[in-house]
Each structure stands twice: as C-alpha cells, then as structure tokens.
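**Student:** Structure: start-v3.cif, mmCIF, C-alpha atoms.
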data_my_file
#
loop_
_atom_site.label_atom_id
_atom_site.label_comp_id
_atom_site.auth_asym_id
_atom_site.auth_seq_id
_atom_site.Cartn_x
_atom_site.Cartn_y
_atom_site.Cartn_z
CA MET A 9 -3.93 9.88 50.53
CA ALA A 10 -7.50 8.77 51.00
CA PHE A 11 -8.98 7.79 47.63
CA ASP A 12 -12.29 9.33 46.67
CA GLY A 13 -14.28 6.67 44.82
CA GLU A 14 -15.72 8.94 42.15
CA ILE A 15 -12.42 10.64 41.33
CA LEU A 16 -10.62 7.30 41.23
CA GLU A 17 -13.21 5.89 38.84
CA ILE A 18 -12.99 8.89 36.51
CA PHE A 19 -9.20 9.00 36.50
CA SER A 20 -8.92 5.24 35.91
CA HIS A 21 -10.58 5.66 32.50
CA LEU A 22 -7.94 8.13 31.31
CA PRO A 23 -4.99 7.03 29.11
CA ALA A 24 -1.57 6.91 30.73
CA LYS A 25 -0.16 9.97 28.93
CA PRO A 26 -2.39 12.62 30.58
CA LEU A 27 -2.14 10.84 33.93
CA MET A 28 1.65 11.01 33.81
CA LYS A 29 1.46 14.67 32.76
CA PHE A 30 -0.88 15.52 35.64
CA SER A 31 1.26 13.60 38.14
CA SER A 32 4.30 15.75 37.40
CA GLY A 33 2.56 18.86 38.74
CA CYS A 34 -0.10 17.51 41.09
CA LYS A 35 0.70 15.55 44.23
CA ALA A 36 -2.80 14.07 44.41
CA CYS A 37 -2.53 12.68 40.88
CA ASN A 38 0.97 11.42 41.59
CA ASP A 39 -0.45 9.45 44.52
CA TYR A 40 -2.95 7.84 42.14
CA VAL A 41 -0.46 6.71 39.48
CA SER A 42 1.87 5.27 42.13
CA ASN A 43 -0.87 3.26 43.87
CA PRO A 44 -0.90 -0.44 42.73
CA PHE A 45 -4.69 -0.70 43.07
CA PHE A 46 -5.25 2.30 40.81
CA VAL A 47 -2.66 1.10 38.27
CA GLN A 48 -4.34 -2.30 38.05
CA LYS A 49 -7.77 -0.70 37.66
CA GLN A 50 -6.55 1.63 34.90
CA ASN A 51 -4.91 -1.33 33.09
CA ARG A 52 -8.19 -3.26 33.13
CA ASN A 53 -10.23 -0.27 31.94
CA MET A 54 -7.89 0.32 29.01
CA GLU A 55 -8.11 -3.36 28.08
CA LEU A 56 -11.89 -3.00 27.74
CA THR A 57 -11.52 -0.10 25.30
CA SER A 58 -10.45 -0.27 21.68
CA GLU A 59 -6.75 0.21 20.97
CA CYS A 60 -6.65 3.40 18.93
CA SER A 61 -2.93 3.68 18.18
CA PHE A 62 -0.10 1.61 16.74
CA PHE A 63 3.59 1.41 15.93
CA ILE A 64 4.84 0.91 12.38
CA GLN A 65 8.38 -0.14 11.47
CA PRO A 66 10.27 -1.70 8.53
CA ASN A 67 10.01 -5.49 8.34
CA SER A 68 13.65 -6.45 8.81
CA CYS A 69 16.07 -8.14 11.20
CA LYS A 70 18.57 -5.29 11.26
CA ARG A 71 20.67 -4.93 14.39
CA TYR A 72 21.06 -1.19 14.11
CA LYS A 73 18.84 1.90 14.27
CA ASP A 74 15.84 1.82 11.96
CA ALA A 75 12.69 3.86 11.44
CA LEU A 76 9.91 3.59 14.04
CA GLU A 77 6.71 5.64 13.91
CA PHE A 78 3.73 5.98 16.24
CA HIS A 79 0.26 6.94 14.99
CA VAL A 80 -3.31 7.20 16.30
CA PHE A 81 -6.60 6.41 14.56
CA PRO A 82 -8.61 9.21 12.94
CA GLY A 83 -10.61 11.26 15.41
CA GLU A 84 -8.70 10.00 18.44
CA ALA A 85 -7.23 12.48 20.91
CA ASN A 86 -3.50 13.01 21.22
CA SER A 87 -3.88 11.86 24.84
CA SER A 88 -3.56 8.31 23.52
CA GLY A 89 -0.02 9.04 22.35
CA VAL A 90 3.39 8.48 23.88
CA PRO A 91 6.19 10.96 24.68
CA SER A 92 8.54 11.74 21.80
CA GLU A 93 11.56 10.80 23.92
CA SER A 94 10.13 7.29 24.30
CA ILE A 95 9.91 6.91 20.52
CA GLU A 96 13.48 8.15 20.24
CA PHE A 97 14.64 5.67 22.89
CA LEU A 98 12.92 2.74 21.16
CA GLU A 99 14.21 3.78 17.75
CA ASN A 100 17.81 3.88 19.02
CA THR A 101 17.71 0.97 21.46
CA GLY A 102 15.16 -1.67 20.53
CA ARG A 103 13.22 -3.35 17.78
CA VAL A 104 9.55 -3.97 18.63
CA LEU A 105 8.76 -7.69 18.82
CA GLY A 106 5.38 -7.49 20.55
CA SER A 107 2.97 -5.02 22.18
CA SER A 108 0.27 -5.75 24.74
CA ASN A 109 -1.64 -3.68 27.34
CA GLY A 110 0.86 -0.83 27.29
CA LEU A 111 4.06 -2.90 27.43
CA ILE A 112 6.39 -3.20 24.45
CA CYS A 113 8.65 -6.24 24.16
CA CYS A 114 11.82 -5.36 22.28
CA ARG A 115 15.01 -6.90 21.04
CA ASN A 116 18.06 -4.91 22.16
CA ILE A 117 19.89 -3.37 19.19
CA SER A 118 22.34 -1.36 21.31
CA ASN A 119 24.88 -2.41 23.90
CA LYS A 120 25.23 1.14 25.24
CA VAL A 121 22.11 1.11 27.43
CA MET A 122 21.84 -2.54 28.48
CA THR A 123 23.40 -5.95 27.89
CA ASP A 124 20.20 -8.04 27.88
CA GLN A 125 18.98 -9.19 24.48
CA ILE A 126 15.31 -8.67 25.42
CA PHE A 127 13.66 -5.85 27.37
CA LEU A 128 10.19 -4.60 28.25
CA CYS A 129 9.27 -0.95 27.94
CA ASN A 130 6.28 1.18 28.90
CA PRO A 131 6.69 4.24 26.66
CA ALA A 132 3.93 6.17 28.46
CA THR A 133 5.64 5.94 31.86
CA ARG A 134 9.13 6.21 30.29
CA SER A 135 10.42 3.04 31.92
CA TRP A 136 12.13 -0.16 30.82
CA LEU A 137 13.30 -3.46 32.29
CA GLY A 138 15.93 -5.82 30.92
CA ILE A 139 15.01 -9.51 30.77
CA PRO A 140 17.86 -11.99 31.37
CA SER A 141 18.28 -14.30 28.40
CA PRO A 142 18.07 -18.09 28.68
CA ALA A 143 21.52 -19.61 29.10
CA SER A 144 21.15 -21.39 25.75
CA LEU A 145 20.36 -18.19 23.87
CA THR A 146 23.53 -16.60 22.53
CA ARG A 147 24.27 -13.47 20.56
CA SER A 148 24.75 -15.55 17.42
CA THR A 149 21.04 -16.33 17.33
CA ASP A 150 19.85 -12.71 17.46
CA HIS A 151 19.05 -12.67 13.75
CA ASP A 152 16.46 -15.42 14.24
CA LEU A 153 15.20 -14.46 17.69
CA ARG A 154 11.79 -16.10 18.10
CA ILE A 155 9.67 -14.35 20.72
CA PHE A 156 5.99 -14.29 21.62
CA PHE A 157 4.64 -11.73 24.10
CA ARG A 158 1.14 -11.14 25.47
CA CYS A 159 -0.15 -9.52 28.70
CA ASN A 160 -3.08 -10.49 30.95
CA ILE A 161 -2.79 -14.23 30.48
CA ASP A 162 -3.49 -16.79 33.19
CA LEU A 163 -0.74 -19.35 32.70
CA TYR A 164 -1.69 -21.62 35.58
CA ASP A 165 0.48 -22.60 38.51
CA GLN A 166 3.55 -23.76 36.58
CA PHE A 167 4.09 -20.28 35.08
CA PRO A 168 3.05 -17.70 37.73
CA GLY A 169 2.54 -14.22 36.33
CA ASP A 170 0.01 -12.43 34.17
CA TYR A 171 1.98 -12.12 30.95
CA LEU A 172 3.38 -14.67 28.55
CA LEU A 173 6.93 -14.07 27.37
CA MET A 174 7.99 -17.13 25.42
CA VAL A 175 11.21 -17.79 23.54
CA MET A 176 11.51 -20.63 21.03
CA GLU A 177 14.83 -22.25 20.12
CA GLU A 178 15.95 -24.93 17.70
CA GLU A 179 16.99 -28.10 19.49
CA GLU A 180 19.56 -29.11 16.89
CA ASP A 181 20.56 -28.36 13.32
CA TRP A 182 17.83 -29.11 10.76
CA SER A 183 15.35 -30.00 13.50
CA ASN A 184 11.61 -29.46 12.91
CA THR A 185 11.01 -29.09 16.65
CA LEU A 186 11.41 -25.97 18.75
CA SER A 187 12.05 -25.97 22.49
CA CYS A 188 9.86 -23.42 24.30
CA LYS A 189 10.77 -21.54 27.45
CA VAL A 190 8.51 -19.18 29.42
CA TYR A 191 9.87 -16.37 31.57
CA VAL A 192 8.68 -16.24 35.21
CA PRO A 193 9.26 -12.67 36.48
CA GLN A 194 8.84 -13.54 40.16
CA LYS A 195 11.78 -15.93 39.93
CA GLU A 196 13.64 -14.13 37.11
CA ARG A 197 13.98 -17.53 35.47
CA TRP A 198 13.04 -19.27 32.25
CA LEU A 199 11.12 -22.52 32.66
CA GLU A 200 10.65 -25.28 30.11
CA ALA A 201 7.22 -25.17 28.42
CA GLY A 202 7.29 -28.12 26.04
CA HIS A 203 7.97 -28.36 22.34
CA ILE A 204 6.46 -27.04 19.13
CA ASP A 205 6.36 -29.36 16.15
CA CYS A 206 6.87 -26.98 13.23
CA GLY A 207 6.29 -29.63 10.58
CA GLY A 208 8.51 -29.15 7.57
CA ARG A 209 8.05 -25.41 7.11
CA ASN A 210 9.31 -22.25 8.74
CA LEU A 211 6.88 -20.45 11.05
CA LEU A 212 6.20 -16.71 10.92
CA PHE A 213 6.93 -15.62 14.49
CA GLU A 214 6.69 -11.85 13.98
CA SER A 215 2.93 -11.79 14.50
CA GLY A 216 1.62 -14.85 16.27
CA ALA A 217 -1.90 -14.80 17.75
CA TYR A 218 -3.21 -15.86 21.17
CA GLN A 219 -6.78 -16.99 21.94
CA ASN A 220 -8.28 -19.43 24.47
CA HIS A 221 -4.96 -20.42 26.07
CA THR A 222 -3.53 -21.27 22.65
CA VAL A 223 -0.73 -19.59 20.70
CA TYR A 224 -1.06 -19.73 16.90
CA PHE A 225 1.69 -19.37 14.28
CA LEU A 226 1.27 -19.40 10.50
CA SER A 227 3.82 -21.22 8.36
CA ASP A 228 5.45 -19.84 5.23
CA TRP A 229 4.23 -20.96 1.80
CA SER A 230 7.35 -21.19 -0.37
CA PRO A 231 7.04 -24.04 -2.93
CA TYR A 232 9.81 -26.30 -1.65
CA PHE A 233 7.73 -29.44 -1.00
CA ALA A 234 6.30 -31.90 -3.52
CA LYS A 235 2.52 -32.05 -3.86
CA ASN A 236 2.39 -35.47 -2.22
CA SER A 237 4.06 -34.09 0.92
CA PRO A 238 1.85 -33.41 3.98
CA PHE A 239 3.65 -30.05 4.22
CA HIS A 240 3.10 -28.96 0.61
CA TRP A 241 0.43 -26.40 1.60
CA PRO A 242 0.88 -23.75 4.32
CA TYR A 243 -0.68 -24.47 7.70
CA ILE A 244 -1.12 -23.07 11.18
CA VAL A 245 0.52 -24.51 14.29
CA ALA A 246 -1.56 -24.24 17.49
CA PHE A 247 0.51 -24.52 20.69
CA ASP A 248 -0.86 -24.96 24.23
CA PRO A 249 1.70 -23.67 26.79
CA LYS A 250 -0.11 -25.49 29.61
CA GLU A 251 0.14 -28.90 27.97
CA GLY A 252 3.38 -28.15 26.14
CA LYS A 253 1.96 -29.67 22.95
CA SER A 254 1.19 -28.46 19.45
CA ARG A 255 -1.15 -29.45 16.62
CA PHE A 256 -1.66 -28.51 12.97
CA VAL A 257 -4.58 -26.58 11.52
CA LYS A 258 -5.17 -26.48 7.77
CA VAL A 259 -5.70 -23.13 6.06
CA PRO A 260 -8.86 -22.73 3.92
CA LYS A 261 -8.63 -24.38 0.51
CA GLU A 262 -9.27 -21.05 -1.21
CA ALA A 263 -6.25 -19.60 0.62
CA ARG A 264 -4.01 -22.04 -1.28
CA LYS A 265 -4.57 -20.26 -4.60
CA GLY A 266 -1.90 -17.97 -6.00
CA LEU A 267 0.73 -18.71 -3.38
CA SER A 268 3.52 -18.55 -5.95
CA ASP A 269 2.59 -14.99 -6.94
CA GLU A 270 5.16 -12.51 -5.60
CA SER A 271 2.36 -10.21 -4.42
CA CYS A 272 0.97 -12.85 -2.04
CA LYS A 273 1.05 -12.00 1.67
CA MET A 274 -0.72 -13.82 4.53
CA ASN A 275 -0.89 -13.62 8.29
CA ILE A 276 -3.09 -14.51 11.25
CA PHE A 277 -4.50 -12.27 13.98
CA PRO A 278 -6.83 -12.55 17.00
CA TRP A 279 -10.53 -12.28 16.09
CA LYS A 280 -12.56 -10.56 18.78
CA GLU A 281 -16.19 -11.48 18.06
CA GLU A 282 -15.84 -15.23 18.51
CA ASN A 283 -12.65 -15.33 20.58
CA SER A 284 -10.96 -17.00 17.64
CA ILE A 285 -8.39 -16.11 14.97
CA CYS A 286 -8.65 -14.77 11.44
CA LEU A 287 -6.47 -15.35 8.39
CA VAL A 288 -5.85 -12.37 6.11
CA LYS A 289 -4.52 -12.87 2.60
CA LEU A 290 -3.45 -10.23 0.10
CA LEU A 291 -3.13 -11.35 -3.51
CA LYS A 292 -2.82 -9.01 -6.51
CA GLY A 293 -4.29 -6.16 -4.50
CA VAL A 294 -7.26 -8.18 -3.19
CA PHE A 295 -7.86 -8.62 0.54
CA ILE A 296 -9.54 -11.88 1.63
CA VAL A 297 -10.34 -12.60 5.29
CA TRP A 298 -11.41 -15.91 6.86
CA VAL A 299 -12.40 -16.64 10.49
CA LEU A 300 -11.63 -19.96 12.19
CA ARG A 301 -15.03 -21.20 13.37
CA ASP A 302 -13.94 -24.41 15.10
CA LEU A 303 -10.43 -25.43 16.10
CA ASN A 304 -11.19 -29.14 16.41
CA SER A 305 -12.73 -29.50 12.96
CA GLY A 306 -10.56 -26.81 11.38
CA SER A 307 -13.58 -25.16 9.72
CA TRP A 308 -13.29 -21.61 8.32
CA SER A 309 -15.73 -19.06 6.90
CA LYS A 310 -14.89 -16.20 4.55
CA ILE A 311 -16.08 -12.79 5.77
CA LEU A 312 -14.46 -10.39 3.30
CA LYS A 313 -13.12 -10.14 -0.25
CA ILE A 314 -12.39 -6.63 -1.46
CA ARG A 315 -9.96 -4.69 -3.62
CA PRO A 316 -8.26 -1.58 -2.25
CA ARG A 317 -9.65 0.44 -5.16
CA ALA A 318 -13.16 -0.55 -4.04
CA LEU A 319 -12.31 1.09 -0.72
CA ARG A 320 -12.15 4.44 -2.55
CA MET A 321 -8.62 5.25 -1.53
CA ASP A 322 -6.94 8.44 -2.72
CA GLU A 323 -3.96 6.60 -4.21
CA PRO A 324 -4.23 5.15 -7.74
CA ASN A 325 -2.98 1.52 -7.99
CA PRO A 326 -1.70 1.43 -4.41
CA ARG A 327 0.98 -1.07 -3.38
CA ILE A 328 0.28 -2.61 0.02
CA ALA A 329 3.36 -2.59 2.24
CA GLY A 330 1.84 -4.39 5.24
CA PHE A 331 -1.32 -5.01 7.24
CA ALA A 332 -2.66 -6.14 10.62
CA VAL A 333 -6.00 -6.71 12.33
CA LEU A 334 -6.16 -4.55 15.46
CA ASN A 335 -8.82 -4.67 18.17
CA GLY A 336 -9.87 -8.03 16.76
CA ASN A 337 -11.96 -6.42 14.01
CA ALA A 338 -10.16 -3.48 12.35
CA LEU A 339 -7.99 -4.05 9.27
CA VAL A 340 -5.12 -1.56 9.38
CA PHE A 341 -2.98 -1.51 6.26
CA ALA A 342 -0.18 0.59 4.85
CA THR A 343 0.71 1.42 1.29
CA THR A 344 4.20 2.67 0.49
CA LYS A 345 3.02 6.18 1.46
CA ARG A 346 -0.02 6.09 3.77
CA THR A 347 -1.81 4.07 6.42
CA TYR A 348 -5.55 3.29 6.47
CA VAL A 349 -8.12 1.52 8.65
CA TYR A 350 -11.18 -0.50 7.57
CA GLU A 351 -13.66 -1.94 10.08
CA LEU A 352 -14.43 -5.63 9.47
CA ALA A 353 -17.39 -5.79 11.88
CA GLY A 354 -20.91 -4.49 11.31
CA ASP A 355 -22.99 -3.99 8.18
CA TRP A 356 -20.68 -4.10 5.16
CA LYS A 357 -22.81 -1.46 3.37
CA ASN A 358 -21.85 1.10 6.02
CA ARG A 359 -18.16 0.31 6.10
CA ARG A 360 -15.74 2.96 4.89
CA VAL A 361 -11.99 3.14 4.70
CA LYS A 362 -10.45 5.93 6.78
CA LYS A 363 -7.12 7.53 6.03
CA ILE A 364 -4.84 7.66 9.07
CA CYS A 365 -1.59 9.33 8.08
CA ARG A 366 1.52 9.24 5.95
CA HIS A 367 4.50 7.10 6.92
CA GLN A 368 8.16 6.77 5.94
CA CYS A 369 8.92 3.16 6.87
CA GLY A 370 9.35 1.78 3.35
CA ASP A 371 7.57 -0.77 1.19
CA ASP A 372 7.58 -3.72 3.63
CA VAL A 373 6.35 -2.91 7.15
CA LEU A 374 5.13 -4.42 10.40
CA ILE A 375 2.24 -2.90 12.39
CA SER A 376 1.85 -3.39 16.16
CA SER A 377 -1.12 -2.19 18.22
CA TYR A 378 -0.64 -0.07 21.34
CA SER A 379 -2.76 0.65 24.44
CA SER A 380 -1.92 3.57 26.76
CA THR A 381 -1.70 2.11 30.27
CA LEU A 382 0.26 2.57 33.49
CA ARG A 383 1.23 -1.08 33.51
CA PRO A 384 4.63 -1.49 35.24
CA CYS A 385 7.46 -3.32 33.51
CA GLY A 386 8.30 -5.13 36.75
CA ASP A 387 10.57 -4.89 39.77
CA GLY A 388 13.82 -3.15 39.00
CA ALA A 389 12.53 -1.06 36.09
CA THR A 390 14.50 2.13 35.38
CA ALA A 391 13.84 5.43 33.62
CA LEU A 392 14.47 5.73 29.89
CA LEU A 393 17.77 7.10 28.70
CA ARG A 394 17.88 9.15 25.54
#
Please re-express this file's structure in structure tokens.

**Tutor:**
Amino acid sequence: MAFDGEILEIFSHLPAKPLMKFSSGCKACNDYVSNPFFVQKQNRNMELTSECSFFIQPNSCKRYKDALEFHVFPGEANSSGVPSESIEFLENTGRVLGSSNGLICCRNISNKVMTDQIFLCNPATRSWLGIPSPASLTRSTDHDLRIFFRCNIDLYDQFPGDYLLMVMEEEEDWSNTLSCKVYVPQKERWLEAGHIDCGGRNLLFESGAYQNHTVYFLSDWSPYFAKNSPFHWPYIVAFDPKEGKSRFVKVPKEARKGLSDESCKMNIFPWKEENSICLVKLLKGVFIVWVLRDLNSGSWSKILKIRPRALRMDEPNPRIAGFAVLNGNALVFATTKRTYVYELAGDWKNRRVKKICRHQCGDDVLISSYSSTLRPCGDGATALLR
C-alpha cells in the first residue's frame, strides 16, 4: 500500500497494543505494522517517550512457575498494556532477566515450549524467539545464569546488531574473572567480548546499568573481607564491551554506612539527565540516591534522602520489598502490598508520591520497565503458545 505521510506519522506514535488490535480487523493497519520502515519508526518514537509500565516478579532463582504481574503508571491509558495471554505465557515459560524497547529477555523455565535456555519475547506482538546457548553454558549453570540485555546499542563492527545480549561465565572454580560473550543475531553465534575482573566480591547481575558504551554492575556488601582488604567495601565494576576491559568505581563514602543492617538494600540504575548512573540505597526505611558525576574521578553527588513516611503513603510503617529507577528519573518501589512512584527530577517541593496498584509478588521483588513497541524478536520468531 502507498503510505500517507500524515497517517504514518500519527500511527507511529501509538503503542503497540492498539496497533496490533487495529491490524487484526483493518488491512491498511496490518500493512503498517508489517512494514519494516514503520516498525523502526514506531520503535524510535516509543524510545523518546517515558516508559509508563513495568513488570514485577519475586526475586528468586526458581526454575518453575512463579508470580509475574504487569502494571501501568497512574493516569496512563490501558493502551500501554500487553495481552493477558502474553503474561500467562511468560509466567509459565520464562523468568524475566531484562526488558528494553519492547523486548523481554527471559530464562526458559519450561522444556515443553522450547529447549533453549534463553529467549526473547515481544508480549505486545505475541511473539518469541529462542536464542541458542553458548557451547560452554550447560543446564547445571542455570541457577547462576548471568545475563545482560539492552536494545538500541551500537556495538561497533565486531558485534553487528542493535542490541546487546551478553552472557558472563566463570572461567574456573574460585576465579574472580568472568568470560564475556556477546550474541550476534545475524550469525546466530556468540563471540568473545573480553573479561570482567569482579574483584573479590560477587556482582549483582539482576539489574546492571548501561550508559555511554559501558555496562555497570554493583557488587554485594557482605562483611567477608578484612578492613585492610581493597575489597572490604562494595564497589561498582564498569565494563566496556568494545575494549573488553573492566575497571572499578568506588561507591560514595556515605553509602558504606549501615551495610551490616539486615534492612540494607542497594542497586544501580541508568540516570537520564546526565547520561550517567545513580546508586539507590535503602536503610531502615530511608531512601538515599547518589548520581555519578564523573566516571574517571569517581565523584558522586547526593540528590535525595527521604523516609517513606515523609512521602505520605497510606501504609503505616511500610516494609519496602523492592525498588527501581525507571525512565532514568522515577523511583518506583513496592511494599509488601502496594507499588508507588516518586519523581526524582524537578523541584523537590512539588514532588509527590503516587500510588500505582496492589501486588501479590511477596516481600522481595524485582521491577523491570516496559515499553510498548512493535520491535521484532528476530528472524525465525514464532507465535506465543499458551
């Protein structure tokens, strides 16, 4: 069909869910969603908008069905959602490891649908694609599967493609170095991408951050090193896939306080305003947020310190079950009963916490952002099976 410029422009700003609904009963719309130029344009437009929805799931390494919920921000239309059958498929078949520009990277928890350990899924278009595992990755390592996934990344000539799917494996027992492999979809192969020096601590792979061609991982903070050890305090590992090299970044000195308290939780996330990362710490019900101002010098600045009760939440003495920074500036957090959002950007006097919804994922959860796009999983993708 001949594309009308104005109609194409208008349609390309719509989320994937209504586009897929229209395409089922309108040939003209079906021509749009099947045209590569339109799909690419819609992907880019959605990337420029704020992600207004997210997945929430229990924080566990279970290899069987577990709870998975999908929610949208307050005031957002249901058009940003995903079909219920897609949620059911993901709940029964995969555990979400990463989400970017409409694609969900999952670990396979069922051998009934596919044999690959990793697969990509676009829940809006109801499609999925199995990713062949590296030869060195066996079923025995599923419990500690280390994956990083991010779309719309220019990985240079050695890794052609516009998404980064990286798996990290131990080279030998008790090694502090991880071997990195990057998947190249055009070749359906995994290529070597260098090594990550983890130092002496374990890294938290469930929510790494990517900014400026660098992947960041936060270490754990368990007190198993003496104070004179260079690895006594937690740190951040910055890895450059192009160079295949890593470096260490110190956390703010203030972030070292109270690490032995059982209520302490920390993680890192992309920070939108300065194309950097932020470190979020929760200690005894207090949120503290720092932004990395300069990677080379390792300088940080604190932008927030606030108690949940100061946010005027409905719940008395809430217990925080998990949190994430979405859109590079919105703190989304869950108690054991509800989820909330608090904007970190703008005048702090005008900031207000907004209640999102109830959830039933338990008292320790992971939150993953979602953007409704038509982005294809890749050649060979198939329709979801329920």

**Student:** When you look at A:Arg255 with a cut-off of 8 Å (counting all atoms listed in the file), what residues show up, excluding the ones that are within fewer than 2 positions of it in the same chain? I need them as a list of chain:residue names.

**Tutor:**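 Residues near the query, excluding close chain neighbours: A:Asp205, A:Val245, A:Ala246, A:Phe247, A:Lys253, A:Val257.
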
**Student:** Take the residues from that selection and write them out as a compact mmCIF listing (two decimals), in the coordinates of the input, keeping C-alpha atoms.

**Tutor:**
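Dumped everything to part_4.txt:
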# COMPACT_ATOMS: atom_id res chain seq x y z
CA ASP A 205 6.36 -29.36 16.15
CA VAL A 245 0.52 -24.51 14.29
CA ALA A 246 -1.56 -24.24 17.49
CA PHE A 247 0.51 -24.52 20.69
CA LYS A 253 1.96 -29.67 22.95
CA VAL A 257 -4.58 -26.58 11.52

**Student:** With distances taken over only C-alpha atoms, which residue among A:Ala143, A:Ala75, A:Met174, A:Ala263 lies nearest A:Lys189?

**Tutor:** A:Met174

**Student:** Tell me which residues the PyMOL selection byres ((chain A and resi 314) around 7) grabs here, as a PyMOL selection string.

**Tutor:** chain A and resi 294-296+312-313+315-316+318

**Student:** Tell me which residues the PyMOL selection byres ((chain A and resi 370) around 8) grabs here, as a ChimeraX atom specification.

**Tutor:** /A:66,329,344-345,368-369,371-373

**Student:** Name the closest residue to A:Lys258 among the candidates A:Tyr350, A:Phe225, A:Trp279, A:Tyr378; distances are taken between atoms, counting all atoms listed in the file.

**Tutor:**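 Counting all atoms listed in the file, the residue closest to A:Lys258 is A:Phe225.
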
**Student:** List as a list in words the protein and nucleic acid residues near A:Leu319, meaning an atom at most 12 Å away when all atoms listed in the file are counted, but skip any in the same chain fewer than 3 places from it.

**Tutor:**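 In the requested form, the answer reads Gly293, Val294, Phe295, Lys313, Ile314, Arg315, Pro316, Asp322, Glu323, Pro324, Asn325, Pro326, Phe341, Tyr348, Val349, Tyr350, Glu351, Trp356, Lys357, Asn358, Arg359, Arg360, Val361, Lys362 and Lys363 of chain A.
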
**Student:** Would you kindly return, as a list in words, each protein, DNA or RNA residue with an atom no farther than 12 Å from any atom of A:Glu84, considering all atoms listed in the file and excluding same-chain residues fewer than 3 positions away?

**Tutor:**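 Counting all atoms listed in the file, the residues come to Pro23, Ser58, Glu59, Cys60, Ser61, His79, Val80, Phe81, Ser87, Ser88, Gly89 and Ile364 of chain A.
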
**Student:** Compile the contact shell of A:Ser380 as an MDAnalysis selection string: residues with an atom at most 10 Å away, counting all atoms listed in the file, same-chain residues fewer than 5 positions apart removed.

**Tutor:** chainID A and resid 22:26 50:51 54:55 59:61 87:90 108:111 130:133

**Student:** Would you please work out which residue, of A:Lys195, A:Val333, A:Glu270, A:Leu303, is nearest to A:Ala353 when using only C-alpha atoms?

**Tutor:**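 So, comparing all the options, the nearest one is A:Val333.
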
**Student:** Taking the file as shown, what set of residues would the PyMOL selection byres ((chain A and resi 214) around 9) give back, as a PDB file with C-alpha atoms, in the coordinates of the input?

**Tutor:**
ATOM      1  CA  LEU A 105       8.760  -7.690  18.820  1.00  0.00           C
ATOM      2  CA  GLY A 106       5.380  -7.490  20.550  1.00  0.00           C
ATOM      3  CA  ARG A 154      11.790 -16.100  18.100  1.00  0.00           C
ATOM      4  CA  ILE A 155       9.670 -14.350  20.720  1.00  0.00           C
ATOM      5  CA  PHE A 156       5.990 -14.290  21.620  1.00  0.00           C
ATOM      6  CA  LEU A 212       6.200 -16.710  10.920  1.00  0.00           C
ATOM      7  CA  PHE A 213       6.930 -15.620  14.490  1.00  0.00           C
ATOM      8  CA  SER A 215       2.930 -11.790  14.500  1.00  0.00           C
ATOM      9  CA  GLY A 216       1.620 -14.850  16.270  1.00  0.00           C
ATOM     10  CA  LEU A 374       5.130  -4.420  10.400  1.00  0.00           C
TER      11      LEU A 374
END

**Student:** A:Glu93, A:Glu99, A:Glu177, A:Glu282: which is nearest A:Gln65, counting all atoms listed in the file?

**Tutor:**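 Once distances to A:Gln65 are computed over all atoms listed in the file, the minimum belongs to A:Glu99.
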
**Student:** Please tell me which residues are no farther than 9 Å from (17.7, -10.3, 27.4) in the file, counting all atoms listed in the file, and write them as an MDAnalysis selection string.

**Tutor:** chainID A and resid 115:116 122:127 138:142

**Student:** For the atom pair atom CA of A:Phe331 and atom CA of A:Val299, what is the interatomic distance in Å to one decimal place?

**Tutor:**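 These atoms are spaced 16.4 Å apart.
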